[in-house]
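start_10.tsv, holding TSV, C-alpha atoms:
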chain	number	residue	atom	x	y	z
A	519	MET	CA	123.28	77.89	130.25
A	520	LYS	CA	120.41	79.65	132.00
A	521	SER	CA	117.13	77.92	132.90
A	522	ILE	CA	114.59	77.41	130.11
A	523	THR	CA	112.19	79.81	131.89
A	524	GLN	CA	114.82	82.56	131.95
A	525	THR	CA	115.85	81.89	128.35
A	526	LYS	CA	112.18	82.10	127.31
A	527	PHE	CA	111.71	85.42	129.16
A	528	LEU	CA	114.85	86.89	127.54
A	529	SER	CA	113.82	85.63	124.12
A	530	ILE	CA	110.23	86.96	124.27
A	531	ASN	CA	111.38	90.38	125.50
A	532	TYR	CA	114.76	90.47	123.73
A	533	SER	CA	114.61	93.89	122.04
A	534	THR	CA	112.60	95.46	124.89
A	535	LEU	CA	115.35	94.56	127.35
A	536	HIS	CA	117.91	96.51	125.31
A	537	GLY	CA	117.78	99.21	127.98
A	538	LEU	CA	120.07	101.81	126.43
A	539	LYS	CA	117.59	102.26	123.56
A	540	ILE	CA	115.21	104.20	125.84
A	541	VAL	CA	117.97	106.45	127.22
A	542	PRO	CA	117.74	108.97	124.29
A	543	ILE	CA	113.95	109.16	124.82
A	544	GLY	CA	114.46	109.94	128.51
A	545	LEU	CA	117.23	112.44	127.79
A	546	SER	CA	115.13	114.20	125.18
A	547	LEU	CA	112.11	114.38	127.53
A	548	LEU	CA	114.30	115.69	130.36
A	549	LEU	CA	116.05	118.34	128.25
A	550	ILE	CA	112.92	119.58	126.46
A	551	SER	CA	111.01	119.84	129.77
A	552	TYR	CA	113.94	121.66	131.36
A	553	TRP	CA	114.13	124.03	128.37
A	554	ALA	CA	110.36	124.70	128.67
A	555	ASN	CA	110.84	125.40	132.36
A	556	ILE	CA	113.60	128.01	131.95
A	557	SER	CA	112.33	129.63	128.71
A	558	HIS	CA	110.83	133.10	128.69
A	559	TYR	CA	107.25	133.16	127.44
A	560	PRO	CA	105.94	133.69	124.82
A	561	ILE	CA	108.41	131.33	123.13
A	562	ASP	CA	109.47	132.54	119.67
A	563	ASN	CA	112.40	130.19	118.98
A	564	ILE	CA	111.96	126.41	119.19
A	565	SER	CA	115.23	125.42	117.51
A	566	LEU	CA	116.75	124.04	120.73
A	567	PRO	CA	114.04	121.38	121.38
A	568	ILE	CA	114.29	120.39	117.70
A	569	VAL	CA	118.05	119.93	118.15
A	570	PHE	CA	117.39	117.81	121.29
A	571	ALA	CA	114.86	115.67	119.41
A	572	LEU	CA	117.14	115.15	116.40
A	573	GLY	CA	120.13	114.45	118.65
A	574	SER	CA	118.18	111.82	120.55
A	575	LEU	CA	117.02	110.25	117.27
A	576	LEU	CA	120.63	109.98	116.08
A	577	LEU	CA	121.68	108.55	119.44
A	578	PHE	CA	118.82	106.03	119.26
A	579	ILE	CA	119.91	104.85	115.78
A	580	THR	CA	123.52	104.48	116.98
A	581	ILE	CA	122.48	102.49	120.06
A	582	ASP	CA	120.14	100.31	117.97
A	583	GLN	CA	123.04	99.47	115.62
A	584	TYR	CA	125.25	98.66	118.63
A	585	TYR	CA	122.67	96.15	119.94
A	586	LYS	CA	122.15	94.59	116.49
A	587	HIS	CA	125.89	94.09	115.98
A	588	THR	CA	126.66	92.96	119.52
A	589	PHE	CA	123.61	90.92	120.56
A	590	GLY	CA	121.85	90.06	117.29
A	591	GLU	CA	118.15	90.28	116.58
A	592	ILE	CA	115.06	88.35	117.53
A	593	LYS	CA	111.96	89.26	115.56
A	594	PRO	CA	108.84	89.00	117.76
A	595	THR	CA	105.82	87.05	116.52
A	596	PHE	CA	103.26	88.84	114.35
A	597	ALA	CA	100.64	88.66	117.14
A	598	SER	CA	103.06	90.19	119.65
A	599	ARG	CA	103.97	93.07	117.29
A	600	ARG	CA	100.29	93.75	116.54
A	601	THR	CA	99.43	93.86	120.27
A	602	GLN	CA	102.35	96.22	120.88
A	603	ARG	CA	101.22	98.57	118.09
A	604	ILE	CA	97.63	98.64	119.40
A	605	GLU	CA	98.92	99.38	122.92
A	606	GLN	CA	101.13	102.20	121.63
A	607	PHE	CA	98.21	103.70	119.68
A	608	ILE	CA	95.94	103.63	122.75
A	609	LEU	CA	98.73	105.08	124.89
A	610	GLY	CA	99.29	107.91	122.38
A	611	ALA	CA	95.57	108.75	122.32
A	612	LEU	CA	95.39	108.67	126.12
A	613	ALA	CA	98.49	110.90	126.32
A	614	LEU	CA	96.72	113.60	124.29
A	615	VAL	CA	93.67	113.40	126.56
A	616	ALA	CA	95.87	113.48	129.68
A	617	PHE	CA	97.82	116.50	128.38
A	618	TRP	CA	94.58	118.32	127.57
A	619	ALA	CA	93.20	117.54	131.05
A	620	ASP	CA	96.42	118.74	132.72
A	621	VAL	CA	96.53	122.10	130.91
A	622	THR	CA	92.76	122.71	131.06
A	623	PHE	CA	91.90	121.82	134.65
A	624	ASN	CA	93.95	122.96	137.58
A	625	LEU	CA	93.73	119.69	139.49
A	626	PRO	CA	96.21	118.50	142.17
A	627	VAL	CA	96.74	115.31	140.15
A	628	ASN	CA	98.93	115.12	137.05
A	629	PHE	CA	97.36	112.80	134.45
A	630	VAL	CA	100.38	112.70	132.13
A	631	GLY	CA	102.44	111.42	135.08
A	632	LEU	CA	99.83	108.80	135.98
A	633	LEU	CA	99.75	107.67	132.35
A	634	PHE	CA	103.54	107.31	132.31
A	635	ALA	CA	103.34	105.32	135.56
A	636	SER	CA	100.71	102.98	134.12
A	637	SER	CA	102.73	102.53	130.92
A	638	PHE	CA	105.74	101.56	133.08
A	639	LEU	CA	103.54	98.94	134.76
A	640	PHE	CA	101.63	97.52	131.80
A	641	GLU	CA	103.99	97.81	128.84
A	642	LYS	CA	105.92	94.70	127.84
A	643	PRO	CA	107.39	93.04	129.92
A	644	ARG	CA	104.49	93.66	132.31
A	645	VAL	CA	105.03	93.91	136.04
A	646	THR	CA	103.70	90.59	137.32
A	647	LEU	CA	104.25	88.47	140.41
A	648	PRO	CA	106.70	86.98	141.24
A	649	LEU	CA	108.80	90.05	140.48
A	650	ASN	CA	112.03	89.60	138.57
A	651	LYS	CA	114.86	92.16	138.61
A	652	PHE	CA	113.55	93.92	135.48
A	653	SER	CA	110.01	94.33	136.80
A	654	THR	CA	111.21	95.35	140.29
A	655	ILE	CA	112.88	98.43	138.74
A	656	LYS	CA	109.72	99.21	136.75
A	657	LEU	CA	107.55	98.88	139.87
A	658	VAL	CA	109.81	101.14	141.99
A	659	LEU	CA	110.00	103.81	139.28
A	660	SER	CA	106.25	103.79	138.64
A	661	ILE	CA	105.61	104.26	142.37
A	662	CYS	CA	108.00	107.28	142.26
A	663	ILE	CA	106.08	108.73	139.29
A	664	ILE	CA	102.69	108.17	140.97
A	665	LEU	CA	103.95	109.90	144.14
A	666	ALA	CA	105.23	112.86	142.08
A	667	SER	CA	101.98	113.03	140.08
A	668	ILE	CA	99.83	113.33	143.19
A	669	SER	CA	102.39	115.33	145.22
A	670	PRO	CA	100.24	118.55	145.37
A	671	LEU	CA	97.73	116.51	147.42
A	672	TYR	CA	100.19	116.05	150.28
A	673	LEU	CA	102.83	118.78	149.72
A	674	GLY	CA	100.51	121.64	148.80
A	675	ALA	CA	99.29	123.11	145.52
A	676	ASN	CA	102.35	125.33	144.90
A	677	TRP	CA	105.18	123.12	146.08
A	678	TRP	CA	106.61	122.68	142.55
A	679	ASN	CA	107.16	126.48	142.40
A	680	THR	CA	109.20	126.38	145.60
A	681	ILE	CA	111.80	124.15	143.88
A	682	GLY	CA	111.90	126.34	140.77
A	683	VAL	CA	109.49	124.36	138.58
A	684	ARG	CA	107.04	126.54	136.69
A	685	ALA	CA	104.23	123.98	136.31
A	686	PRO	CA	103.53	120.49	137.73
A	687	ILE	CA	103.49	118.93	134.24
A	688	LEU	CA	107.09	120.14	133.66
A	689	GLY	CA	108.24	118.80	137.02
A	690	VAL	CA	106.66	115.42	136.34
A	691	THR	CA	108.03	115.12	132.78
A	692	MET	CA	111.55	116.10	133.96
A	693	LEU	CA	111.33	113.40	136.64
A	694	VAL	CA	109.98	110.83	134.15
A	695	GLY	CA	112.79	111.65	131.70
A	696	MET	CA	115.38	111.17	134.44
A	697	LEU	CA	113.81	107.89	135.58
A	698	ILE	CA	113.71	106.57	131.99
A	699	VAL	CA	117.46	107.22	131.73
A	700	ILE	CA	118.02	105.40	135.05
A	701	GLN	CA	115.80	102.45	134.06
A	702	GLY	CA	117.47	102.11	130.66
A	703	THR	CA	120.96	102.09	132.14
A	704	ILE	CA	120.07	99.55	134.86
A	705	TRP	CA	118.18	97.33	132.39
A	706	HIS	CA	121.18	97.27	130.07
A	707	PHE	CA	123.34	96.06	132.94
A	708	PHE	CA	120.72	93.45	133.94
A	709	PHE	CA	120.35	92.30	130.31
A	710	VAL	CA	124.08	91.83	129.79
A	711	THR	CA	124.50	89.97	133.09
A	712	SER	CA	121.46	87.78	132.36
A	713	LEU	CA	123.06	86.28	129.27
A	714	PRO	CA	125.05	83.07	129.73
A	715	THR	CA	128.82	83.36	129.55
A	716	ALA	CA	130.03	79.76	129.65
A	717	GLU	CA	129.66	77.45	126.69
A	718	VAL	CA	127.51	74.35	127.04
A	719	LYS	CA	129.41	71.19	126.27
A	720	ASP	CA	126.64	68.64	126.09
A	721	GLU	CA	127.94	66.67	123.13
B	1334	MET	CA	107.30	51.62	136.63
B	1335	SER	CA	107.84	50.19	133.14
B	1336	ASN	CA	105.56	52.96	131.82
B	1337	ILE	CA	108.05	55.58	133.04
B	1338	PHE	CA	110.92	53.92	131.20
B	1339	GLU	CA	108.76	53.77	128.10
B	1340	GLU	CA	108.05	57.47	128.49
B	1341	ILE	CA	111.76	58.25	128.78
B	1342	ALA	CA	112.47	56.14	125.72
B	1343	GLY	CA	109.69	57.95	123.87
B	1344	LEU	CA	111.25	61.41	124.33
B	1345	ASP	CA	112.51	62.98	121.14
B	1346	LYS	CA	116.30	62.72	121.36
B	1347	LEU	CA	116.76	65.36	118.68
B	1348	ILE	CA	115.53	68.14	120.96
B	1349	HIS	CA	115.97	66.64	124.42
B	1350	GLY	CA	119.50	68.02	125.04
B	1351	PRO	CA	119.63	71.36	126.90
B	1352	ALA	CA	121.21	73.29	124.03
B	1353	ARG	CA	118.74	72.15	121.35
B	1354	LEU	CA	115.79	72.52	123.72
B	1355	ALA	CA	116.90	76.12	124.42
B	1356	ILE	CA	117.30	76.83	120.67
B	1357	MET	CA	113.85	75.42	119.91
B	1358	THR	CA	112.28	77.33	122.82
B	1359	ILE	CA	113.78	80.63	121.63
B	1360	LEU	CA	112.58	80.03	118.08
B	1361	SER	CA	109.10	78.99	119.24
B	1362	THR	CA	108.60	82.34	120.99
B	1363	SER	CA	109.61	84.45	118.00
B	1364	GLN	CA	109.02	84.83	114.29
B	1365	SER	CA	112.76	84.43	113.61
B	1366	ALA	CA	116.12	84.88	115.27
B	1367	ASP	CA	119.56	85.50	113.86
B	1368	PHE	CA	122.64	83.39	114.56
B	1369	LEU	CA	124.22	85.98	116.87
B	1370	ALA	CA	121.14	86.26	119.09
B	1371	LEU	CA	120.95	82.47	119.43
B	1372	GLN	CA	124.62	82.39	120.32
B	1373	ARG	CA	124.18	85.11	122.96
B	1374	LEU	CA	121.11	83.47	124.48
B	1375	THR	CA	122.48	79.93	124.60
B	1376	GLY	CA	126.13	80.68	125.39
B	1377	LEU	CA	127.25	78.20	122.71
B	1378	THR	CA	130.32	78.71	120.54
B	1379	SER	CA	129.61	79.34	116.86
B	1380	GLY	CA	130.90	75.88	115.89
B	1381	ASN	CA	128.76	74.11	118.45
B	1382	LEU	CA	125.69	76.20	117.56
B	1383	SER	CA	126.18	75.52	113.83
B	1384	SER	CA	126.35	71.80	114.51
B	1385	HIS	CA	123.11	71.86	116.56
B	1386	LEU	CA	121.35	73.94	113.91
B	1387	SER	CA	122.43	71.53	111.17
B	1388	LYS	CA	120.97	68.59	113.07
B	1389	LEU	CA	117.71	70.43	113.76
B	1390	ALA	CA	117.51	71.43	110.09
B	1391	GLU	CA	118.15	67.82	109.00
B	1392	GLY	CA	115.18	66.83	111.14
B	1393	GLU	CA	113.14	69.59	109.40
B	1394	LEU	CA	112.45	71.26	112.75
B	1395	ILE	CA	113.99	74.56	111.65
B	1396	ILE	CA	114.91	76.30	108.43
B	1397	TYR	CA	117.63	78.85	107.97
B	1398	GLU	CA	118.42	81.40	105.36
B	1399	LYS	CA	121.77	83.09	104.74
B	1400	GLN	CA	121.66	86.71	103.61
B	1401	PHE	CA	124.18	89.49	103.19
B	1402	VAL	CA	123.45	92.68	105.12
B	1403	ASP	CA	125.97	95.51	104.62
B	1404	LYS	CA	128.27	92.99	102.90
B	1405	LYS	CA	128.26	90.85	106.05
B	1406	PRO	CA	126.72	87.35	106.19
B	1407	LYS	CA	123.63	87.07	108.34
B	1408	THR	CA	121.83	83.82	109.11
B	1409	GLN	CA	118.14	84.05	109.91
B	1410	ILE	CA	116.60	81.00	111.60
B	1411	ASN	CA	112.90	80.05	111.79
B	1412	ILE	CA	111.09	77.19	113.45
B	1413	THR	CA	108.94	75.05	111.13
B	1414	LYS	CA	105.38	73.91	111.77
B	1415	LYS	CA	106.76	70.42	112.38
B	1416	GLY	CA	109.28	71.92	114.82
B	1417	GLN	CA	106.49	73.67	116.79
B	1418	GLN	CA	104.50	70.42	116.97
B	1419	VAL	CA	107.51	68.36	118.05
B	1420	LEU	CA	108.39	70.91	120.75
B	1421	GLU	CA	104.82	71.04	122.08
B	1422	LYS	CA	104.66	67.24	122.14
B	1423	HIS	CA	108.01	67.12	123.95
B	1424	TRP	CA	106.85	69.50	126.71
B	1425	LEU	CA	103.62	67.51	127.07
B	1426	GLN	CA	105.61	64.29	127.44
B	1427	LEU	CA	107.84	65.91	130.07
B	1428	GLU	CA	104.80	67.15	132.00
B	1429	ASN	CA	103.19	63.69	131.89
B	1430	PHE	CA	106.46	62.15	132.97
B	1431	ARG	CA	106.67	64.54	135.93
B	1432	ALA	CA	103.04	63.86	136.89
B	1433	ASN	CA	103.64	60.11	136.82
B	1434	ILE	CA	106.76	60.44	138.97
B	1435	GLN	CA	104.78	62.48	141.50
B	1436	LYS	CA	102.12	59.75	141.59
B	1437	LEU	CA	104.84	57.26	142.56
B	1438	ASN	CA	106.20	59.59	145.28
B	1439	PRO	CA	103.18	61.53	146.57
B	1440	GLU	CA	105.22	63.23	149.32

For the structure just supplied, provide its representation as structure tokens.
Amino acid sequence: MKSITQTKFLSINYSTLHGLKIVPIGLSLLLISYWANISHYPIDNISLPIVFALGSLLLFITIDQYYKHTFGEIKPTFASRRTQRIEQFILGALALVAFWADVTFNLPVNFVGLLFASSFLFEKPRVTLPLNKFSTIKLVLSICIILASISPLYLGANWWNTIGVRAPILGVTMLVGMLIVIQGTIWHFFFVTSLPTAEVKDE
Amino acid sequence: MSNIFEEIAGLDKLIHGPARLAIMTILSTSQSADFLALQRLTGLTSGNLSSHLSKLAEGELIIYEKQFVDKKPKTQINITKKGQQVLEKHWLQLENFRANIQKLNPE
């Protein structure tokens, strides 16, 4: 059996640590951003991003069922669910503002990227000291996103174009999508290896 | 010294074992948990877990409800108010016990 502290951490964050559940979100973000990057404007056919979104939804449902049947379910407390909903609402509102700022002002900083980085840091389980293996990954990935979001400051205003990316926001969202896939896969591995394997024989 | 022995004797035996303490801790941090999740988190076999749950339920520290989801049985387990209070008291006793031991060995 694992320590009570570790058991408590796993229990509080049980469904959040089901890493593969965020993989379809990352894949969808990556594919839609890539599609937006290679599309010819003005865009008259948006069936492909709809297919990506529906495909990722189906994949999400399948993965969710896999976790429910393999690892069971822990329902968080009412207070915890309420806090999470409020946080998601605020994040959604801020995402709209950040998107508007990115497409309106031609600044060398990408606000959508910075918002993703802060959500990596502050969403449950938060990155706090001392770092555990889950939060170490989150911290490393958010630093990568911050560096990409402010990259025009140190690599020049048009550096995204030199690597074939039409606009900074597309480059950042493609990177975020890829990092979400990486985080989800690593978290799944960490989650599975964090669970005890041997039976306790205390009676 | 006799106080320490009294403190040990005063610990609630029903939840003092590592398996039951882990079960109670998991349930105290959530609204409810199903049997499979408890099994995964504690590493207990289903027989052993069932036995611990029965004893905790006899002591009215938890309640469980059996349902059928997609024609498969699913047991949902909740901690009771009494269970929360007993667990909190247990942790407090352990902390006091630790503090008293440290007073005896200040180094």

Let me make sure I understand: among A:Ala675, A:Gly689, A:Cys662, A:Lys642, which one has the smallest atom-to-atom distance to Ile556 in chain A if we use only C-alpha atoms?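 Selected residue with least distance to Ile556 in chain A: A:Gly689.
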
Find the residues near Gln1417 in chain B: any atom within 9 Å, counting only C-alpha atoms, skip ones fewer than 4 places away on the same chain, and give them as a PDB file with C-alpha atoms, in the coordinates of the input.
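Result saved to around.pdb:
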ATOM      1  CA  MET B1357     113.850  75.420 119.910  1.00  0.00           C
ATOM      2  CA  LEU B1360     112.580  80.030 118.080  1.00  0.00           C
ATOM      3  CA  SER B1361     109.100  78.990 119.240  1.00  0.00           C
ATOM      4  CA  LEU B1394     112.450  71.260 112.750  1.00  0.00           C
ATOM      5  CA  ILE B1412     111.090  77.190 113.450  1.00  0.00           C
ATOM      6  CA  THR B1413     108.940  75.050 111.130  1.00  0.00           C
ATOM      7  CA  GLU B1421     104.820  71.040 122.080  1.00  0.00           C
ATOM      8  CA  LYS B1422     104.660  67.240 122.140  1.00  0.00           C
TER       9      LYS B1422
END

Tell me as a list of chain:residue names which residues belonging to chain B come within 6 Å of chain A, counting only C-alpha atoms. B:Ile1359, B:Thr1362, B:Ser1363, B:Gln1364, B:Ser1365, B:Ala1366, B:Asp1367, B:Leu1369, B:Ala1370, B:Leu1374, B:Gly1376, B:Leu1377

Straight-line distance linking CA of Leu639 in chain A with CA of Pro686 in chain A, stated in Å to one decimal: 21.8 Å

Name the residues in contact with Ile700 in chain A at a cut-off of 10 Å, using only C-alpha atoms, excluding same-chain residues fewer than 4 positions from it; report them as a PyMOL selection string. chain A and resi 537-538+540-541+544+655+659+694-696+704-705

Closest to Phe1368 in chain B among B:Glu1398, B:Gln1409, B:Ser1384, B:Ala1390, using all atoms listed in the file?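 Among the listed residues, B:Gln1409 lies closest to Phe1368 in chain B.
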
Find, counting only C-alpha atoms, the residue in A:Leu671, A:Leu657, A:Leu647, A:Val683 that gets nearest to Ser557 in chain A.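 Looking at the shortest contact to Ser557 in chain A, the residue is A:Val683.
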
Which distance in Å separates CA of Pro626 in chain A and CA of Ser667 in chain A, to one decimal? 8.2 Å

So which residues touch His1385 in chain B within 9 Å, counting all atoms listed in the file, skipping near sequence neighbours fewer than 6 positions away, as a PyMOL selection string? chain B and resi 1352-1353+1356

Interatomic distance, CA of Ile1395 in chain B to CA of Arg599 in chain A (Å, one decimal): 21.8 Å

Who sits within 7 Å of Phe617 in chain A, all atoms listed in the file, same chain under 4 positions skipped, as a ChimeraX atom specification: /A:613,621,630

Could you extract range 1337-1406 of chain B of the given structure into a file holding C-alpha atoms, as a CSV table (one decimal), in the first residue's frame?
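Resulting contents of selection17.csv:
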chain,number,residue,atom,x,y,z
B,1337,ILE,CA,1.1,7.7,26.0
B,1338,PHE,CA,-0.1,4.2,26.7
B,1339,GLU,CA,-3.5,5.6,27.5
B,1340,GLU,CA,-3.4,7.5,24.2
B,1341,ILE,CA,-2.5,4.3,22.3
B,1342,ALA,CA,-5.3,2.4,24.0
B,1343,GLY,CA,-7.7,5.2,23.2
B,1344,LEU,CA,-7.1,4.9,19.4
B,1345,ASP,CA,-10.1,3.7,17.5
B,1346,LYS,CA,-9.2,0.1,16.5
B,1347,LEU,CA,-11.9,0.0,13.8
B,1348,ILE,CA,-10.0,2.4,11.6
B,1349,HIS,CA,-6.5,2.2,12.9
B,1350,GLY,CA,-5.3,-0.5,10.5
B,1351,PRO,CA,-3.6,0.7,7.3
B,1352,ALA,CA,-6.3,-0.7,5.0
B,1353,ARG,CA,-9.3,0.8,6.8
B,1354,LEU,CA,-7.5,4.1,7.4
B,1355,ALA,CA,-6.8,4.3,3.6
B,1356,ILE,CA,-10.4,3.5,2.8
B,1357,MET,CA,-11.7,6.1,5.2
B,1358,THR,CA,-9.2,8.7,4.0
B,1359,ILE,CA,-10.3,8.1,0.3
B,1360,LEU,CA,-14.0,8.4,1.2
B,1361,SER,CA,-13.4,11.5,3.4
B,1362,THR,CA,-11.9,13.4,0.3
B,1363,SER,CA,-14.8,12.5,-2.0
B,1364,GLN,CA,-18.6,12.5,-2.2
B,1365,SER,CA,-18.5,8.8,-3.0
B,1366,ALA,CA,-16.3,6.1,-4.5
B,1367,ASP,CA,-17.1,2.8,-6.2
B,1368,PHE,CA,-15.8,-0.6,-5.2
B,1369,LEU,CA,-13.4,-0.8,-8.1
B,1370,ALA,CA,-11.8,2.6,-7.4
B,1371,LEU,CA,-11.3,1.6,-3.7
B,1372,GLN,CA,-9.7,-1.7,-4.8
B,1373,ARG,CA,-7.4,0.1,-7.2
B,1374,LEU,CA,-6.3,2.7,-4.7
B,1375,THR,CA,-5.8,0.3,-1.7
B,1376,GLY,CA,-4.4,-2.7,-3.6
B,1377,LEU,CA,-6.7,-5.0,-1.6
B,1378,THR,CA,-8.3,-8.1,-3.1
B,1379,SER,CA,-12.1,-7.9,-3.5
B,1380,GLY,CA,-12.7,-10.4,-0.7
B,1381,ASN,CA,-10.4,-8.5,1.7
B,1382,LEU,CA,-12.0,-5.1,0.7
B,1383,SER,CA,-15.5,-6.5,1.2
B,1384,SER,CA,-14.6,-7.7,4.6
B,1385,HIS,CA,-13.2,-4.3,5.6
B,1386,LEU,CA,-16.2,-2.5,4.2
B,1387,SER,CA,-18.6,-4.7,6.1
B,1388,LYS,CA,-16.8,-3.9,9.4
B,1389,LEU,CA,-16.8,-0.2,8.7
B,1390,ALA,CA,-20.5,-0.4,7.8
B,1391,GLU,CA,-21.3,-2.3,11.0
B,1392,GLY,CA,-19.7,0.6,12.9
B,1393,GLU,CA,-21.9,3.0,10.9
B,1394,LEU,CA,-18.8,4.8,9.6
B,1395,ILE,CA,-19.8,4.2,5.9
B,1396,ILE,CA,-22.9,3.3,3.9
B,1397,TYR,CA,-22.9,1.5,0.7
B,1398,GLU,CA,-25.5,1.0,-2.0
B,1399,LYS,CA,-25.6,-1.7,-4.7
B,1400,GLN,CA,-26.9,-0.6,-8.1
B,1401,PHE,CA,-27.0,-2.2,-11.6
B,1402,VAL,CA,-25.4,-0.1,-14.3
B,1403,ASP,CA,-25.6,-1.7,-17.8
B,1404,LYS,CA,-26.7,-4.9,-16.2
B,1405,LYS,CA,-23.5,-5.0,-14.1
B,1406,PRO,CA,-23.5,-4.7,-10.3
